[in-house]
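Participant: File name run.cif; file contents mmCIF, C-alpha atoms and all ligand atoms; full text below.
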data_target
loop_
_atom_site.label_atom_id
_atom_site.label_comp_id
_atom_site.auth_asym_id
_atom_site.auth_seq_id
_atom_site.Cartn_x
_atom_site.Cartn_y
_atom_site.Cartn_z
CA MET R 42 0.00 0.00 0.00
CA THR R 43 1.68 3.22 -1.15
CA ASP R 44 -1.05 5.45 -2.58
CA HIS R 45 -2.43 6.61 0.76
CA ILE R 46 -0.15 9.68 0.58
CA ARG R 47 0.12 11.14 -2.92
CA TYR R 48 1.08 14.53 -4.29
CA ASP R 49 -1.10 15.42 -7.26
CA ASP R 50 1.17 17.50 -9.51
CA ALA R 51 -1.62 18.48 -11.88
CA ARG R 52 -3.80 19.94 -9.11
CA GLY R 53 -0.93 21.00 -6.83
CA CYS R 54 -2.39 19.33 -3.77
CA LEU R 55 -1.66 16.49 -1.37
CA VAL R 56 -4.16 13.63 -1.50
CA LEU R 57 -4.53 11.47 1.62
CA LEU R 58 -6.49 8.27 2.19
CA ASP R 59 -8.85 9.28 5.02
CA GLN R 60 -7.87 7.00 7.92
CA ARG R 61 -10.77 8.24 10.06
CA ILE R 62 -13.25 6.18 8.10
CA LEU R 63 -11.27 3.04 7.29
CA PRO R 64 -12.05 0.19 6.95
CA THR R 65 -15.67 1.10 6.20
CA ARG R 66 -14.95 3.31 3.20
CA GLU R 67 -11.88 4.24 1.16
CA GLU R 68 -12.19 7.98 0.61
CA TYR R 69 -9.56 10.60 -0.10
CA PHE R 70 -8.98 14.00 1.47
CA ASP R 71 -7.31 16.92 -0.35
CA CYS R 72 -4.81 19.12 1.48
CA THR R 73 -4.59 22.34 -0.48
CA ASP R 74 -3.01 24.72 2.05
CA THR R 75 -1.57 24.94 5.55
CA ALA R 76 -4.96 24.98 7.27
CA SER R 77 -6.22 21.83 5.55
CA THR R 78 -2.89 20.06 6.18
CA ILE R 79 -3.03 20.93 9.89
CA TYR R 80 -6.66 19.83 10.00
CA ALA R 81 -5.72 16.48 8.40
CA LEU R 82 -2.92 15.98 10.94
CA GLN R 83 -4.96 16.96 13.98
CA THR R 84 -8.10 15.00 13.13
CA MET R 85 -5.97 12.01 12.06
CA VAL R 86 -6.95 11.79 8.41
CA VAL R 87 -3.27 10.88 8.36
CA ARG R 88 -1.43 9.65 11.46
CA GLY R 89 1.59 7.62 12.48
CA ALA R 90 4.94 9.32 13.05
CA PRO R 91 6.68 8.77 9.67
CA ALA R 92 3.46 9.48 7.71
CA ILE R 93 3.08 12.70 9.69
CA GLY R 94 6.65 13.63 8.73
CA VAL R 95 6.10 13.02 5.01
CA THR R 96 2.79 14.93 5.12
CA ALA R 97 4.50 17.86 6.85
CA ALA R 98 7.18 17.94 4.16
CA TYR R 99 4.50 18.32 1.46
CA GLY R 100 2.71 20.77 3.78
CA CYS R 101 5.75 23.07 3.66
CA ARG R 102 5.42 23.15 -0.12
CA LEU R 103 1.70 23.97 0.13
CA ALA R 104 2.40 26.79 2.60
CA LEU R 105 4.46 28.55 -0.08
CA ASP R 106 1.36 29.11 -2.23
CA GLU R 107 -0.14 31.23 0.53
CA VAL R 108 2.66 33.68 1.25
CA GLY R 109 2.96 35.40 -2.14
CA ASP R 110 6.29 36.85 -3.27
CA GLY R 111 5.91 40.42 -2.03
CA PRO R 112 7.98 41.96 0.79
CA GLY R 113 7.86 39.96 4.00
CA TRP R 114 7.13 36.60 2.35
CA GLN R 115 9.93 35.01 4.39
CA GLU R 116 8.34 36.06 7.70
CA ARG R 117 4.90 34.93 6.54
CA LEU R 118 6.35 31.58 5.51
CA GLN R 119 8.19 31.17 8.81
CA ALA R 120 4.92 31.71 10.68
CA LYS R 121 3.14 29.08 8.56
CA LEU R 122 5.94 26.57 9.17
CA ALA R 123 5.73 27.19 12.92
CA GLU R 124 1.96 26.52 12.84
CA LEU R 125 2.53 23.32 10.88
CA ALA R 126 5.27 22.07 13.22
CA ALA R 127 2.95 22.56 16.21
CA ALA R 128 0.02 20.58 14.76
CA ARG R 129 0.69 17.56 17.01
CA PRO R 130 3.19 17.51 19.87
CA THR R 131 4.43 13.95 20.41
CA ALA R 132 5.59 12.53 17.06
CA VAL R 133 8.97 14.17 16.57
CA ASN R 134 8.95 13.36 12.83
CA LEU R 135 6.69 16.38 12.34
CA LYS R 136 9.25 18.85 13.67
CA TRP R 137 12.04 16.80 12.08
CA ALA R 138 10.50 17.26 8.61
CA VAL R 139 9.77 20.98 9.04
CA ASP R 140 13.30 21.59 10.42
CA LEU R 141 14.78 19.67 7.50
CA MET R 142 12.86 21.76 4.95
CA THR R 143 13.76 24.96 6.81
CA ALA R 144 17.47 24.05 6.72
CA LEU R 145 17.19 23.40 2.98
CA TRP R 146 15.64 26.85 2.54
CA LYS R 147 18.38 28.52 4.58
CA ASP R 148 21.04 26.66 2.55
CA SER R 149 19.50 27.79 -0.76
CA GLY R 150 20.68 31.40 -0.54
CA GLU R 151 18.57 34.12 -2.19
CA VAL R 152 15.73 31.97 -3.54
CA THR R 153 12.39 33.15 -4.84
CA PRO R 154 9.25 31.44 -3.50
CA ALA R 155 8.75 29.82 -6.92
CA ARG R 156 12.25 28.33 -6.89
CA LEU R 157 11.86 27.21 -3.28
CA ALA R 158 8.59 25.50 -4.21
CA ASP R 159 10.46 23.36 -6.74
CA ILE R 160 13.26 22.58 -4.29
CA TRP R 161 10.83 21.60 -1.51
CA LEU R 162 8.56 19.51 -3.69
CA ALA R 163 11.53 17.54 -5.01
CA ARG R 164 12.84 16.99 -1.46
CA ALA R 165 9.39 15.98 -0.14
CA LYS R 166 9.15 13.38 -2.90
CA GLU R 167 12.62 12.09 -1.99
CA LEU R 168 11.72 11.84 1.71
CA HIS R 169 8.57 9.99 0.70
CA ALA R 170 10.53 7.41 -1.31
CA GLU R 171 13.35 7.17 1.27
CA ASP R 172 10.87 6.37 4.04
CA ILE R 173 9.78 3.20 2.24
CA GLU R 174 13.41 2.10 1.80
CA ILE R 175 14.14 2.83 5.48
CA ASN R 176 11.15 0.71 6.52
CA LYS R 177 12.31 -2.14 4.33
CA ALA R 178 15.76 -2.01 5.95
CA MET R 179 14.14 -2.09 9.40
CA GLY R 180 12.03 -5.00 8.22
CA ARG R 181 15.12 -6.97 7.26
CA HIS R 182 16.89 -6.33 10.59
CA GLY R 183 13.79 -6.97 12.70
CA GLY R 184 12.43 -9.83 10.60
CA ALA R 185 15.55 -11.84 11.40
CA LEU R 186 14.65 -11.67 15.12
CA MET R 187 11.30 -13.39 14.58
CA ARG R 188 11.08 -17.19 14.54
CA ASP R 189 9.02 -19.49 12.38
CA GLY R 190 5.66 -20.04 14.09
CA ASP R 191 5.81 -16.95 16.32
CA THR R 192 2.70 -15.00 17.17
CA ILE R 193 3.61 -11.32 17.26
CA MET R 194 1.53 -8.83 19.21
CA THR R 195 1.42 -5.24 18.02
CA HIS R 196 -0.31 -2.17 19.40
CA CYS R 197 -1.78 0.72 17.40
CA ASN R 198 -0.94 0.84 13.69
CA ALA R 199 2.72 1.07 12.78
CA GLY R 200 2.19 -0.19 9.27
CA ALA R 201 2.11 1.08 5.71
CA LEU R 202 -0.64 3.50 6.65
CA ALA R 203 1.47 5.04 9.42
CA THR R 204 4.47 5.53 7.12
CA ALA R 205 5.03 6.20 3.43
CA GLY R 206 4.56 2.44 2.93
CA TRP R 207 5.59 -1.00 4.28
CA GLY R 208 5.63 0.06 7.95
CA THR R 209 7.92 0.02 10.97
CA ALA R 210 6.50 -2.65 13.31
CA LEU R 211 4.44 -4.16 10.50
CA GLY R 212 7.53 -3.86 8.30
CA VAL R 213 9.26 -6.22 10.73
CA ILE R 214 6.38 -8.66 10.33
CA ARG R 215 6.57 -8.33 6.54
CA GLY R 216 10.36 -8.83 6.82
CA ALA R 217 9.88 -12.06 8.79
CA LEU R 218 7.43 -13.34 6.18
CA GLU R 219 9.88 -12.49 3.40
CA LEU R 220 12.44 -14.66 5.20
CA GLY R 221 9.95 -17.52 4.95
CA ARG R 222 9.00 -17.46 8.65
CA LYS R 223 5.33 -18.16 9.11
CA VAL R 224 4.27 -15.65 11.72
CA ARG R 225 0.84 -14.63 12.94
CA VAL R 226 -0.20 -11.25 14.27
CA ILE R 227 -2.35 -10.18 17.20
CA ALA R 228 -3.52 -6.60 16.67
CA ASN R 229 -4.58 -4.93 19.91
CA GLU R 230 -7.67 -2.93 19.11
CA THR R 231 -6.16 0.31 20.54
CA ARG R 232 -8.93 2.33 22.14
CA PRO R 233 -10.13 4.97 21.56
CA PHE R 234 -9.22 5.65 17.89
CA LEU R 235 -9.00 1.90 17.17
CA GLN R 236 -5.89 2.03 15.00
CA GLY R 237 -5.34 -1.70 15.66
CA ALA R 238 -8.87 -2.93 15.04
CA ARG R 239 -9.50 -0.69 12.07
CA LEU R 240 -6.15 0.01 10.41
CA THR R 241 -3.71 -2.79 11.30
CA ALA R 242 -6.39 -5.41 10.68
CA TYR R 243 -7.35 -3.68 7.40
CA GLU R 244 -3.88 -3.49 5.90
CA LEU R 245 -2.70 -6.93 7.05
CA ALA R 246 -5.89 -8.66 5.92
CA LYS R 247 -5.65 -6.84 2.58
CA ASP R 248 -2.15 -8.30 2.16
CA GLY R 249 -3.26 -11.80 3.20
CA ILE R 250 -1.29 -11.73 6.48
CA ASP R 251 -2.75 -13.80 9.33
CA VAL R 252 -4.16 -11.30 11.84
CA THR R 253 -6.49 -11.59 14.83
CA VAL R 254 -7.86 -8.57 16.70
CA ALA R 255 -7.91 -8.64 20.51
CA CYS R 256 -9.31 -6.20 23.05
CA ASP R 257 -6.61 -4.13 24.72
CA ASN R 258 -7.54 -5.64 28.07
CA ALA R 259 -6.90 -9.19 26.81
CA VAL R 260 -3.11 -8.67 26.78
CA GLY R 261 -2.53 -10.31 30.19
CA LEU R 262 -4.63 -13.35 29.40
CA LEU R 263 -3.09 -13.89 25.97
CA MET R 264 0.44 -13.76 27.39
CA GLN R 265 -0.46 -15.89 30.41
CA ARG R 266 -1.75 -18.56 28.03
CA GLY R 267 1.51 -18.49 26.04
CA MET R 268 -0.26 -17.16 22.96
CA VAL R 269 2.31 -14.39 22.30
CA GLN R 270 6.01 -14.99 21.50
CA GLN R 271 7.07 -11.47 20.51
CA VAL R 272 5.83 -7.90 20.79
CA VAL R 273 6.78 -5.35 18.13
CA VAL R 274 5.46 -1.78 18.24
CA GLY R 275 6.36 1.53 16.60
CA ALA R 276 7.26 4.81 18.30
CA ASP R 277 6.40 8.47 18.02
CA ARG R 278 9.53 9.66 19.74
CA VAL R 279 12.49 7.86 21.25
CA ALA R 280 14.43 9.93 23.80
CA ALA R 281 18.24 10.01 23.92
CA ASN R 282 18.19 7.37 26.68
CA GLY R 283 15.95 4.95 24.73
CA ASP R 284 12.65 5.69 26.48
CA ALA R 285 9.99 5.36 23.79
CA ALA R 286 6.67 7.17 23.44
CA ASN R 287 4.04 5.24 21.54
CA LYS R 288 0.26 4.92 21.50
CA ILE R 289 -1.45 4.85 24.89
CA GLY R 290 -1.46 1.29 26.23
CA THR R 291 1.98 0.40 24.87
CA PHE R 292 3.61 0.77 28.31
CA THR R 293 1.07 -1.64 29.79
CA VAL R 294 1.86 -4.17 27.05
CA ALA R 295 5.60 -3.80 27.80
CA VAL R 296 5.09 -4.38 31.53
CA MET R 297 3.04 -7.50 30.77
CA ALA R 298 5.68 -8.70 28.30
CA LYS R 299 8.35 -8.40 31.01
CA ARG R 300 6.09 -10.29 33.45
CA PHE R 301 5.75 -13.20 31.01
CA GLY R 302 9.26 -13.15 29.52
CA VAL R 303 8.10 -12.07 26.05
CA PRO R 304 10.66 -9.96 24.13
CA PHE R 305 9.35 -6.43 23.56
CA TYR R 306 10.80 -4.58 20.53
CA VAL R 307 10.34 -1.04 19.25
CA ALA R 308 10.80 -0.47 15.51
CA ALA R 309 11.65 3.15 14.75
CA PRO R 310 13.66 4.98 12.09
CA LEU R 311 16.49 7.26 13.21
CA SER R 312 14.22 10.24 12.38
CA THR R 313 12.07 9.20 15.37
CA ILE R 314 15.03 9.27 17.77
CA ASP R 315 15.26 12.74 19.27
CA ARG R 316 18.63 13.34 20.85
CA ASN R 317 17.41 16.74 22.06
CA THR R 318 14.93 15.00 24.36
CA PRO R 319 17.04 13.55 27.20
CA THR R 320 14.51 11.12 28.74
CA GLY R 321 10.94 9.92 28.38
CA ALA R 322 9.84 12.38 31.07
CA ASP R 323 10.71 15.19 28.65
CA ILE R 324 8.45 13.91 25.84
CA PRO R 325 5.25 15.97 25.51
CA ILE R 326 2.18 13.74 25.67
CA GLU R 327 -0.74 14.77 23.49
CA ASP R 328 -4.00 15.20 25.36
CA ARG R 329 -6.81 14.79 22.81
CA THR R 330 -10.47 15.66 22.80
CA PRO R 331 -12.61 13.69 25.31
CA ASP R 332 -15.10 13.05 22.51
CA GLU R 333 -12.90 10.23 21.17
CA VAL R 334 -13.50 8.35 24.44
CA VAL R 335 -17.05 9.51 25.13
CA PHE R 336 -18.49 8.49 21.76
CA VAL R 337 -18.27 5.26 19.80
CA GLY R 338 -19.37 6.41 16.36
CA ALA R 339 -22.40 8.58 17.01
CA THR R 340 -23.30 6.80 20.27
CA ARG R 341 -22.46 8.36 23.62
CA ILE R 342 -21.14 5.68 26.01
CA THR R 343 -20.32 7.70 29.14
CA PRO R 344 -22.77 9.68 31.28
CA GLU R 345 -23.11 13.41 30.57
CA GLY R 346 -20.89 15.48 32.81
CA VAL R 347 -18.37 12.75 33.75
CA PRO R 348 -14.80 13.79 32.85
CA VAL R 349 -12.57 11.40 30.90
CA TYR R 350 -8.85 11.06 30.26
CA ASN R 351 -7.70 10.90 26.67
CA PHE R 352 -3.91 10.93 26.77
CA ALA R 353 -2.87 9.71 23.34
CA PHE R 354 0.57 8.29 24.20
CA ASP R 355 2.57 6.77 27.02
CA VAL R 356 6.26 6.20 27.53
CA THR R 357 7.98 2.83 27.90
CA PRO R 358 11.28 2.99 29.82
CA GLY R 359 13.95 1.79 27.41
CA ASP R 360 16.65 0.12 29.47
CA GLU R 361 14.11 -1.55 31.75
CA LEU R 362 11.57 -2.92 29.28
CA ILE R 363 12.73 -2.71 25.63
CA ALA R 364 14.71 -5.72 24.36
CA GLY R 365 15.83 -3.89 21.22
CA ILE R 366 15.17 -0.79 19.13
CA ILE R 367 15.03 -1.87 15.50
CA THR R 368 16.32 0.89 13.20
CA GLU R 369 17.34 1.04 9.54
CA LYS R 370 20.97 0.80 10.74
CA GLY R 371 20.45 -2.36 12.79
CA VAL R 372 19.11 -3.39 16.19
CA LEU R 373 20.15 -1.18 19.12
CA ARG R 374 20.47 -2.86 22.52
CA PRO R 375 20.51 -1.47 26.06
CA PRO R 376 22.05 0.58 27.52
CA TYR R 377 20.44 2.82 24.94
CA ALA R 378 22.18 6.09 25.80
CA ALA R 379 25.39 4.46 24.52
CA SER R 380 23.92 2.54 21.55
CA ILE R 381 22.00 5.62 20.35
CA ARG R 382 25.11 7.78 20.64
CA ARG R 383 27.04 5.15 18.69
CA VAL R 384 24.57 4.77 15.81
CA PHE R 385 24.47 8.54 15.20
CA ALA R 386 28.26 8.83 15.46
CA GLU R 387 28.62 6.05 12.84
CA GLY R 388 26.14 7.88 10.57
CA ALA R 389 28.21 11.05 10.84
CA ALA R 390 31.48 9.21 10.15
O1 LIG R 401 -2.06 8.90 17.21
P1 LIG R 401 -1.40 8.14 16.11
O2 LIG R 401 -2.29 7.20 15.40
O3 LIG R 401 -0.66 9.08 15.18
O4 LIG R 401 -0.30 7.27 16.85
C1 LIG R 401 0.51 6.44 16.08
C2 LIG R 401 1.38 5.54 16.86
O5 LIG R 401 1.40 5.56 18.07
C3 LIG R 401 2.31 4.65 16.07
O6 LIG R 401 2.53 3.46 16.76
C4 LIG R 401 3.64 5.36 15.84
O7 LIG R 401 3.44 6.62 15.26
C5 LIG R 401 4.56 4.58 15.01
S1 LIG R 401 4.04 4.59 13.34
C6 LIG R 401 5.12 3.77 12.36
#
Go ahead and express the file in the form of structure tokens.

Facilitator:
Amino acid sequence: MTDHIRYDDARGCLVLLDQRILPTREEYFDCTDTASTIYALQTMVVRGAPAIGVTAAYGCRLALDEVGDGPGWQERLQAKLAELAAARPTAVNLKWAVDLMTALWKDSGEVTPARLADIWLARAKELHAEDIEINKAMGRHGGALMRDGDTIMTHCNAGALATAGWGTALGVIRGALELGRKVRVIANETRPFLQGARLTAYELAKDGIDVTVACDNAVGLLMQRGMVQQVVVGADRVAANGDAANKIGTFTVAVMAKRFGVPFYVAAPLSTIDRNTPTGADIPIEDRTPDEVVFVGATRITPEGVPVYNFAFDVTPGDELIAGIITEKGVLRPPYAASIRRVFAEGAA
């Protein structure tokens, strides 16, 4: 699946498969400017850290159409980029992509908006293609850790839909299958947005991969019964010490995995590792609208007036609970402060 994020050159807009209504209907949403791109990010037309990053890269290009080329266009553009970068707080790929485009702008000297539009669109398309290659590399490294016959639990959707294609955690599953290892998947449903039940189940079933959906609160039972051999999840931000933010409920899965001796892996590209965030305690956790918890579809399920929590992410302590962080450069092992430092130093060498 690769056409869920597509730049339409003829119309000059970004076309996104609307993940809010999958798997019921496959409909597309047009991002034509900064406001519609931010709306798509915030309402989760598109979601998942790497997919957010690629969308933001195209969003920078769209912002250029709004600032004109008269005096002060640079300041107007800077303000649009700041708005875009702040659309969601936890997935660092958003800021990573906007920073990358900003650096490209600053390196381009005296450019006109028209010239910058060409430079940014070309770079956004490259990032889009590179993300798929990065996921495939992660899939090869992580796939080798899975054994024939394993049942792999995953939480949220860290698949093709959450990336430019292939997936991080689901890329590891695809990598294992490519190695000829027959693995099965348990997709935790992932309340309240149901990324597991709706999106992971949708894309794996579409690809003929053996997937079963389980309620989030079945994790303990499934592990106690020996029905899970591996856990692989994605991440929205990995701190410099290896603590990993991912969809709410991931931390609970990791604690259970430790209790039952099940290896717990995080699959994340280097763009998700934020060396400017020292520990998990420094990762901002998105607090979303209560309506996502209060309503299932159009039906209200909690009494009027009762407050609810809707924290969208939690943080899993790296050295304590994560067996390995699977990146495109290989599998990092604890202690993560050292292995993360090493992998970036090697990249710079
Ligand atoms: O709120 P979401 O759906 O954007 O959260 C997504 C996740 O938590 C994913 O697991 C994470 O971004 C990794 S995606 C490859």

Participant: Would you tabulate, counting only C-alpha atoms and all ligand atoms, all residues of chain R that have an atom at most 9 Å from an atom of ligand LIG 401 (chain R), showing the closest pair of atoms and their distance in Å to one decimal, sorted by chain then ascending number, as a Markdown table?

Facilitator:
| residue | atom | partner | partner_atom | distance |
| --- | --- | --- | --- | --- |
| R:Leu82 | CA | R:LIG401 | O3 | 8.4 |
| R:Met85 | CA | R:LIG401 | O3 | 6.8 |
| R:Val87 | CA | R:LIG401 | O3 | 7.5 |
| R:Arg88 | CA | R:LIG401 | O3 | 3.8 |
| R:Gly89 | CA | R:LIG401 | O7 | 3.5 |
| R:Ala90 | CA | R:LIG401 | O7 | 3.8 |
| R:Pro91 | CA | R:LIG401 | C6 | 5.9 |
| R:Ala92 | CA | R:LIG401 | S1 | 7.5 |
| R:Ile93 | CA | R:LIG401 | O3 | 7.6 |
| R:Arg129 | CA | R:LIG401 | O3 | 8.8 |
| R:Thr131 | CA | R:LIG401 | O3 | 8.8 |
| R:Ala132 | CA | R:LIG401 | O7 | 6.5 |
| R:Asn176 | CA | R:LIG401 | C6 | 8.9 |
| R:Thr195 | CA | R:LIG401 | O6 | 8.9 |
| R:His196 | CA | R:LIG401 | O6 | 6.8 |
| R:Cys197 | CA | R:LIG401 | O6 | 5.1 |
| R:Asn198 | CA | R:LIG401 | O6 | 5.3 |
| R:Ala199 | CA | R:LIG401 | C6 | 3.6 |
| R:Gly200 | CA | R:LIG401 | C6 | 5.8 |
| R:Ala201 | CA | R:LIG401 | C6 | 7.8 |
| R:Leu202 | CA | R:LIG401 | C6 | 8.1 |
| R:Ala203 | CA | R:LIG401 | S1 | 4.7 |
| R:Thr204 | CA | R:LIG401 | C6 | 5.6 |
| R:Gly208 | CA | R:LIG401 | C6 | 5.8 |
| R:Thr209 | CA | R:LIG401 | C6 | 4.9 |
| R:Ala210 | CA | R:LIG401 | C6 | 6.6 |
| R:Leu211 | CA | R:LIG401 | C6 | 8.2 |
| R:Gly212 | CA | R:LIG401 | C6 | 9.0 |
| R:Phe234 | CA | R:LIG401 | O2 | 7.5 |
| R:Leu235 | CA | R:LIG401 | O2 | 8.7 |
| R:Gln236 | CA | R:LIG401 | O2 | 6.3 |
| R:Val274 | CA | R:LIG401 | O6 | 6.2 |
| R:Gly275 | CA | R:LIG401 | C5 | 3.9 |
| R:Ala276 | CA | R:LIG401 | C5 | 4.3 |
| R:Asp277 | CA | R:LIG401 | O7 | 4.4 |
| R:Arg278 | CA | R:LIG401 | O7 | 8.1 |
| R:Ala286 | CA | R:LIG401 | O5 | 7.7 |
| R:Asn287 | CA | R:LIG401 | O5 | 4.4 |
| R:Lys288 | CA | R:LIG401 | O5 | 3.7 |
| R:Ile289 | CA | R:LIG401 | O5 | 7.4 |
| R:Thr291 | CA | R:LIG401 | O5 | 8.6 |
| R:Ala308 | CA | R:LIG401 | C6 | 7.8 |
| R:Ala309 | CA | R:LIG401 | C6 | 7.0 |
| R:Pro310 | CA | R:LIG401 | C6 | 8.6 |
| R:Thr313 | CA | R:LIG401 | C5 | 8.8 |
| R:Glu327 | CA | R:LIG401 | O1 | 8.7 |
| R:Ala353 | CA | R:LIG401 | O1 | 6.2 |
| R:Phe354 | CA | R:LIG401 | O5 | 6.8 |

Participant: May I have the residues from that selection written out with C-alpha atoms, as a PDB file, keeping the file's coordinate frame?

Facilitator:
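As a result, part17.pdb now contains:
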ATOM      1  CA  LEU R  82      -2.920  15.980  10.940  1.00  0.00           C
ATOM      2  CA  MET R  85      -5.970  12.010  12.060  1.00  0.00           C
ATOM      3  CA  VAL R  87      -3.270  10.880   8.360  1.00  0.00           C
ATOM      4  CA  ARG R  88      -1.430   9.650  11.460  1.00  0.00           C
ATOM      5  CA  GLY R  89       1.590   7.620  12.480  1.00  0.00           C
ATOM      6  CA  ALA R  90       4.940   9.320  13.050  1.00  0.00           C
ATOM      7  CA  PRO R  91       6.680   8.770   9.670  1.00  0.00           C
ATOM      8  CA  ALA R  92       3.460   9.480   7.710  1.00  0.00           C
ATOM      9  CA  ILE R  93       3.080  12.700   9.690  1.00  0.00           C
ATOM     10  CA  ARG R 129       0.690  17.560  17.010  1.00  0.00           C
ATOM     11  CA  THR R 131       4.430  13.950  20.410  1.00  0.00           C
ATOM     12  CA  ALA R 132       5.590  12.530  17.060  1.00  0.00           C
ATOM     13  CA  ASN R 176      11.150   0.710   6.520  1.00  0.00           C
ATOM     14  CA  THR R 195       1.420  -5.240  18.020  1.00  0.00           C
ATOM     15  CA  HIS R 196      -0.310  -2.170  19.400  1.00  0.00           C
ATOM     16  CA  CYS R 197      -1.780   0.720  17.400  1.00  0.00           C
ATOM     17  CA  ASN R 198      -0.940   0.840  13.690  1.00  0.00           C
ATOM     18  CA  ALA R 199       2.720   1.070  12.780  1.00  0.00           C
ATOM     19  CA  GLY R 200       2.190  -0.190   9.270  1.00  0.00           C
ATOM     20  CA  ALA R 201       2.110   1.080   5.710  1.00  0.00           C
ATOM     21  CA  LEU R 202      -0.640   3.500   6.650  1.00  0.00           C
ATOM     22  CA  ALA R 203       1.470   5.040   9.420  1.00  0.00           C
ATOM     23  CA  THR R 204       4.470   5.530   7.120  1.00  0.00           C
ATOM     24  CA  GLY R 208       5.630   0.060   7.950  1.00  0.00           C
ATOM     25  CA  THR R 209       7.920   0.020  10.970  1.00  0.00           C
ATOM     26  CA  ALA R 210       6.500  -2.650  13.310  1.00  0.00           C
ATOM     27  CA  LEU R 211       4.440  -4.160  10.500  1.00  0.00           C
ATOM     28  CA  GLY R 212       7.530  -3.860   8.300  1.00  0.00           C
ATOM     29  CA  PHE R 234      -9.220   5.650  17.890  1.00  0.00           C
ATOM     30  CA  LEU R 235      -9.000   1.900  17.170  1.00  0.00           C
ATOM     31  CA  GLN R 236      -5.890   2.030  15.000  1.00  0.00           C
ATOM     32  CA  VAL R 274       5.460  -1.780  18.240  1.00  0.00           C
ATOM     33  CA  GLY R 275       6.360   1.530  16.600  1.00  0.00           C
ATOM     34  CA  ALA R 276       7.260   4.810  18.300  1.00  0.00           C
ATOM     35  CA  ASP R 277       6.400   8.470  18.020  1.00  0.00           C
ATOM     36  CA  ARG R 278       9.530   9.660  19.740  1.00  0.00           C
ATOM     37  CA  ALA R 286       6.670   7.170  23.440  1.00  0.00           C
ATOM     38  CA  ASN R 287       4.040   5.240  21.540  1.00  0.00           C
ATOM     39  CA  LYS R 288       0.260   4.920  21.500  1.00  0.00           C
ATOM     40  CA  ILE R 289      -1.450   4.850  24.890  1.00  0.00           C
ATOM     41  CA  THR R 291       1.980   0.400  24.870  1.00  0.00           C
ATOM     42  CA  ALA R 308      10.800  -0.470  15.510  1.00  0.00           C
ATOM     43  CA  ALA R 309      11.650   3.150  14.750  1.00  0.00           C
ATOM     44  CA  PRO R 310      13.660   4.980  12.090  1.00  0.00           C
ATOM     45  CA  THR R 313      12.070   9.200  15.370  1.00  0.00           C
ATOM     46  CA  GLU R 327      -0.740  14.770  23.490  1.00  0.00           C
ATOM     47  CA  ALA R 353      -2.870   9.710  23.340  1.00  0.00           C
ATOM     48  CA  PHE R 354       0.570   8.290  24.200  1.00  0.00           C
TER      49      PHE R 354
END

Participant: Between R:Pro358, R:Pro331, R:Gly249, R:Gly180, which is the closest to Glu345 in chain R once you count only C-alpha atoms?

Facilitator: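 Distance minimum relative to Glu345 in chain R lands on R:Pro331.
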
Participant: Nearest to Ile250 in chain R: which of R:Arg215, R:Val294, R:His182, R:Glu151 is it, counting only C-alpha atoms?

Facilitator: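 Ranked by minimum distance to Ile250 in chain R, first place goes to R:Arg215.
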
Participant: Quick one: of R:Asn317, R:Thr330, R:Ser77, R:Gln115, who's nearest to Asn282 in chain R, counting only C-alpha atoms?

Facilitator: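 That would be R:Asn317, the residue with the smallest distance to Asn282 in chain R.
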
Participant: Show me, as a PDB file with C-alpha atoms, keeping the file's coordinate frame, the residues that have an atom within 7 Å of range 374-389 of chain R when counting only C-alpha atoms, minus same-chain residues fewer than 3 positions from it.

Facilitator:
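Output below, filename result20.pdb:
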ATOM      1  CA  ALA R 281      18.240  10.010  23.920  1.00  0.00           C
ATOM      2  CA  ASN R 282      18.190   7.370  26.680  1.00  0.00           C
ATOM      3  CA  GLY R 283      15.950   4.950  24.730  1.00  0.00           C
ATOM      4  CA  ASP R 360      16.650   0.120  29.470  1.00  0.00           C
ATOM      5  CA  ALA R 364      14.710  -5.720  24.360  1.00  0.00           C
ATOM      6  CA  GLY R 365      15.830  -3.890  21.220  1.00  0.00           C
ATOM      7  CA  ILE R 366      15.170  -0.790  19.130  1.00  0.00           C
TER       8      ILE R 366
END

Participant: Work out how far apart CA of Gln119 in chain R and CA of Leu162 in chain R are and give it in Å to one decimal.

Facilitator: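 A separation of 17.1 Å between them.
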
Participant: Counting all atoms listed in the file, figure out which residue out of R:Gly190, R:Arg156, R:Ala298, R:Gln83 gets nearest to Arg329 in chain R.

Facilitator: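 Distance minimum relative to Arg329 in chain R lands on R:Gln83.
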
Participant: Given only C-alpha atoms as the basis, pick out the residue of R:Leu311, R:Ala98, R:Leu122, R:Ala259 nearest to Trp161 in chain R.

Facilitator: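 The answer is R:Ala98, which sits nearest to Trp161 in chain R.
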
Participant: Enclose range 355-359 of chain R, meaning all of its atoms listed in the file, in a box aligned along x, y and z, pad it by 6 Å on each side, and list the centre and edge lengths in Å to one decimal, as JSON.

Facilitator:
{"center_x": 8.3, "center_y": 4.3, "center_z": 28.4, "size_x": 23.4, "size_y": 17.0, "size_z": 14.8}
